[in-house]
Amino acid sequence: MKKVQIAFVKGNEGYSLQIWNKNGGGYRYAGPKAWGNPYNKPTETFEVELEDFIKCLRQNSYEHELKGNGSNE
């Protein structure tokens, strides 16, 4: 079964969520860029099975509702 690594990386502006491949390359999915963390060193990493992760995301997803003025606040 395919796996994926999930990493939390802390920078000067807070934490970001990154999805990594087996070689350590990846994609910042959410949060600010990790400024001040020159090597993009993670605070924590997890390896999860891809299909289980996708299933969990689908089960916990929801439609985002904007406020009346069109903002997210």
# chains A, B, ... in the order shown; residues from 1 in each chain; ligands from 1
call {"tool": "select_by_dssp", "arguments": {"residues": "chain A", "states": "strand (DSSP E or B)", "output": "MDAnalysis selection string"}}
result
chainID A and resid 3:11 14:20 26:30 42:49
call {"tool": "write_last_selection", "arguments": {"atoms": "C-alpha atoms", "output": "PDB file, in the first residue's frame"}}
result
ATOM      1  CA  LYS A   3       2.289   5.778   2.045  1.00  0.00           C
ATOM      2  CA  VAL A   4       2.812   9.501   2.443  1.00  0.00           C
ATOM      3  CA  GLN A   5       4.683  11.559   5.023  1.00  0.00           C
ATOM      4  CA  ILE A   6       2.982  14.445   6.777  1.00  0.00           C
ATOM      5  CA  ALA A   7       5.276  17.023   8.361  1.00  0.00           C
ATOM      6  CA  PHE A   8       4.689  19.973  10.667  1.00  0.00           C
ATOM      7  CA  VAL A   9       7.352  22.624  10.099  1.00  0.00           C
ATOM      8  CA  LYS A  10       7.766  25.679  12.347  1.00  0.00           C
ATOM      9  CA  GLY A  11       8.935  29.001  10.982  1.00  0.00           C
ATOM     10  CA  GLY A  14       3.983  29.759  12.805  1.00  0.00           C
ATOM     11  CA  TYR A  15       3.516  26.160  11.726  1.00  0.00           C
ATOM     12  CA  SER A  16       2.852  24.776   8.269  1.00  0.00           C
ATOM     13  CA  LEU A  17       1.530  21.408   7.148  1.00  0.00           C
ATOM     14  CA  GLN A  18       3.598  19.742   4.446  1.00  0.00           C
ATOM     15  CA  ILE A  19       3.087  16.554   2.436  1.00  0.00           C
ATOM     16  CA  TRP A  20       6.379  14.809   1.633  1.00  0.00           C
ATOM     17  CA  GLY A  26       7.176  17.779  -0.977  1.00  0.00           C
ATOM     18  CA  TYR A  27       4.516  20.427  -0.951  1.00  0.00           C
ATOM     19  CA  ARG A  28       3.479  22.995   1.661  1.00  0.00           C
ATOM     20  CA  TYR A  29      -0.248  22.425   1.873  1.00  0.00           C
ATOM     21  CA  ALA A  30      -1.357  24.819   4.609  1.00  0.00           C
ATOM     22  CA  PRO A  42      10.207  19.445  10.664  1.00  0.00           C
ATOM     23  CA  THR A  43       9.001  19.651  14.241  1.00  0.00           C
ATOM     24  CA  GLU A  44       7.240  16.312  13.752  1.00  0.00           C
ATOM     25  CA  THR A  45       6.627  13.860  10.896  1.00  0.00           C
ATOM     26  CA  PHE A  46       4.146  11.044  10.480  1.00  0.00           C
ATOM     27  CA  GLU A  47       3.960   8.296   7.868  1.00  0.00           C
ATOM     28  CA  VAL A  48       0.402   7.295   6.964  1.00  0.00           C
ATOM     29  CA  GLU A  49      -1.209   4.975   4.453  1.00  0.00           C
TER      30      GLU A  49
END
call {"tool": "residues_around", "arguments": {"residues": "Asp52 in chain A", "least_positions_apart": "5", "cutoff": "10 Å", "atoms": "only C-alpha atoms", "output": "ChimeraX atom specification"}}
result
/A:1-3,57-58
call {"tool": "residues_around", "arguments": {"residues": "Trp35 in chain A", "least_positions_apart": "2", "cutoff": "7 Å", "atoms": "only C-alpha atoms", "output": "CSV table (one decimal) with N, CA and C atoms, in the first residue's frame"}}
result
chain,number,residue,atom,x,y,z
A,11,GLY,N,8.2,27.9,11.4
A,11,GLY,CA,8.9,29.0,11.0
A,11,GLY,C,8.6,30.2,11.9
A,12,ASN,N,9.1,31.4,11.5
A,12,ASN,CA,8.9,32.6,12.3
A,12,ASN,C,7.4,33.0,12.4
A,33,LYS,N,4.9,30.0,4.9
A,33,LYS,CA,6.2,29.5,4.6
A,33,LYS,C,7.1,29.4,5.8
A,37,ASN,N,13.6,29.0,9.2
A,37,ASN,CA,13.9,27.6,9.3
A,37,ASN,C,14.6,27.2,8.0
call {"tool": "decode", "arguments": {"residues": "range 30-48 of chain A", "atoms": "N, CA and C atoms", "output": "PDB file, in the first residue's frame"}}
result
ATOM      1  N   ALA A  30      -0.640  23.808   3.834  1.00  0.00           N
ATOM      2  CA  ALA A  30      -1.357  24.819   4.609  1.00  0.00           C
ATOM      3  C   ALA A  30      -0.397  25.527   5.547  1.00  0.00           C
ATOM      4  N   GLY A  31      -0.704  26.782   5.810  1.00  0.00           N
ATOM      5  CA  GLY A  31       0.112  27.550   6.740  1.00  0.00           C
ATOM      6  C   GLY A  31       1.160  28.384   6.028  1.00  0.00           C
ATOM      7  N   PRO A  32       1.864  29.201   6.802  1.00  0.00           N
ATOM      8  CA  PRO A  32       2.863  30.100   6.221  1.00  0.00           C
ATOM      9  C   PRO A  32       4.131  29.361   5.801  1.00  0.00           C
ATOM     10  N   LYS A  33       4.899  30.009   4.946  1.00  0.00           N
ATOM     11  CA  LYS A  33       6.212  29.459   4.595  1.00  0.00           C
ATOM     12  C   LYS A  33       7.076  29.420   5.849  1.00  0.00           C
ATOM     13  N   ALA A  34       7.990  28.478   5.887  1.00  0.00           N
ATOM     14  CA  ALA A  34       8.815  28.273   7.090  1.00  0.00           C
ATOM     15  C   ALA A  34      10.014  29.219   7.118  1.00  0.00           C
ATOM     16  N   TRP A  35       9.748  30.526   7.062  1.00  0.00           N
ATOM     17  CA  TRP A  35      10.822  31.512   7.159  1.00  0.00           C
ATOM     18  C   TRP A  35      11.539  31.335   8.484  1.00  0.00           C
ATOM     19  N   GLY A  36      12.850  31.465   8.477  1.00  0.00           N
ATOM     20  CA  GLY A  36      13.619  31.331   9.708  1.00  0.00           C
ATOM     21  C   GLY A  36      13.960  29.893  10.036  1.00  0.00           C
ATOM     22  N   ASN A  37      13.593  28.973   9.168  1.00  0.00           N
ATOM     23  CA  ASN A  37      13.919  27.554   9.329  1.00  0.00           C
ATOM     24  C   ASN A  37      14.637  27.152   8.039  1.00  0.00           C
ATOM     25  N   PRO A  38      15.925  27.511   7.912  1.00  0.00           N
ATOM     26  CA  PRO A  38      16.612  27.415   6.618  1.00  0.00           C
ATOM     27  C   PRO A  38      16.673  26.016   6.015  1.00  0.00           C
ATOM     28  N   TYR A  39      16.599  24.999   6.821  1.00  0.00           N
ATOM     29  CA  TYR A  39      16.688  23.642   6.275  1.00  0.00           C
ATOM     30  C   TYR A  39      15.327  22.968   6.209  1.00  0.00           C
ATOM     31  N   ASN A  40      14.264  23.729   6.487  1.00  0.00           N
ATOM     32  CA  ASN A  40      12.903  23.196   6.445  1.00  0.00           C
ATOM     33  C   ASN A  40      12.773  21.968   7.348  1.00  0.00           C
ATOM     34  N   LYS A  41      13.487  22.015   8.480  1.00  0.00           N
ATOM     35  CA  LYS A  41      13.511  20.884   9.409  1.00  0.00           C
ATOM     36  C   LYS A  41      12.158  20.771  10.114  1.00  0.00           C
ATOM     37  N   PRO A  42      11.533  19.585  10.064  1.00  0.00           N
ATOM     38  CA  PRO A  42      10.207  19.445  10.664  1.00  0.00           C
ATOM     39  C   PRO A  42      10.252  19.360  12.184  1.00  0.00           C
ATOM     40  N   THR A  43       9.194  19.833  12.810  1.00  0.00           N
ATOM     41  CA  THR A  43       9.001  19.651  14.241  1.00  0.00           C
ATOM     42  C   THR A  43       8.577  18.211  14.507  1.00  0.00           C
ATOM     43  N   GLU A  44       7.741  17.683  13.618  1.00  0.00           N
ATOM     44  CA  GLU A  44       7.240  16.312  13.752  1.00  0.00           C
ATOM     45  C   GLU A  44       6.858  15.784  12.374  1.00  0.00           C
ATOM     46  N   THR A  45       7.070  14.500  12.138  1.00  0.00           N
ATOM     47  CA  THR A  45       6.627  13.860  10.896  1.00  0.00           C
ATOM     48  C   THR A  45       5.858  12.585  11.232  1.00  0.00           C
ATOM     49  N   PHE A  46       4.943  12.258  10.351  1.00  0.00           N
ATOM     50  CA  PHE A  46       4.146  11.044  10.480  1.00  0.00           C
ATOM     51  C   PHE A  46       4.097  10.362   9.120  1.00  0.00           C
ATOM     52  N   GLU A  47       4.137   9.047   9.107  1.00  0.00           N
ATOM     53  CA  GLU A  47       3.960   8.296   7.868  1.00  0.00           C
ATOM     54  C   GLU A  47       2.604   7.611   7.954  1.00  0.00           C
ATOM     55  N   VAL A  48       1.751   7.856   6.959  1.00  0.00           N
ATOM     56  CA  VAL A  48       0.402   7.295   6.964  1.00  0.00           C
ATOM     57  C   VAL A  48       0.134   6.588   5.644  1.00  0.00           C
TER      58      VAL A  48
END
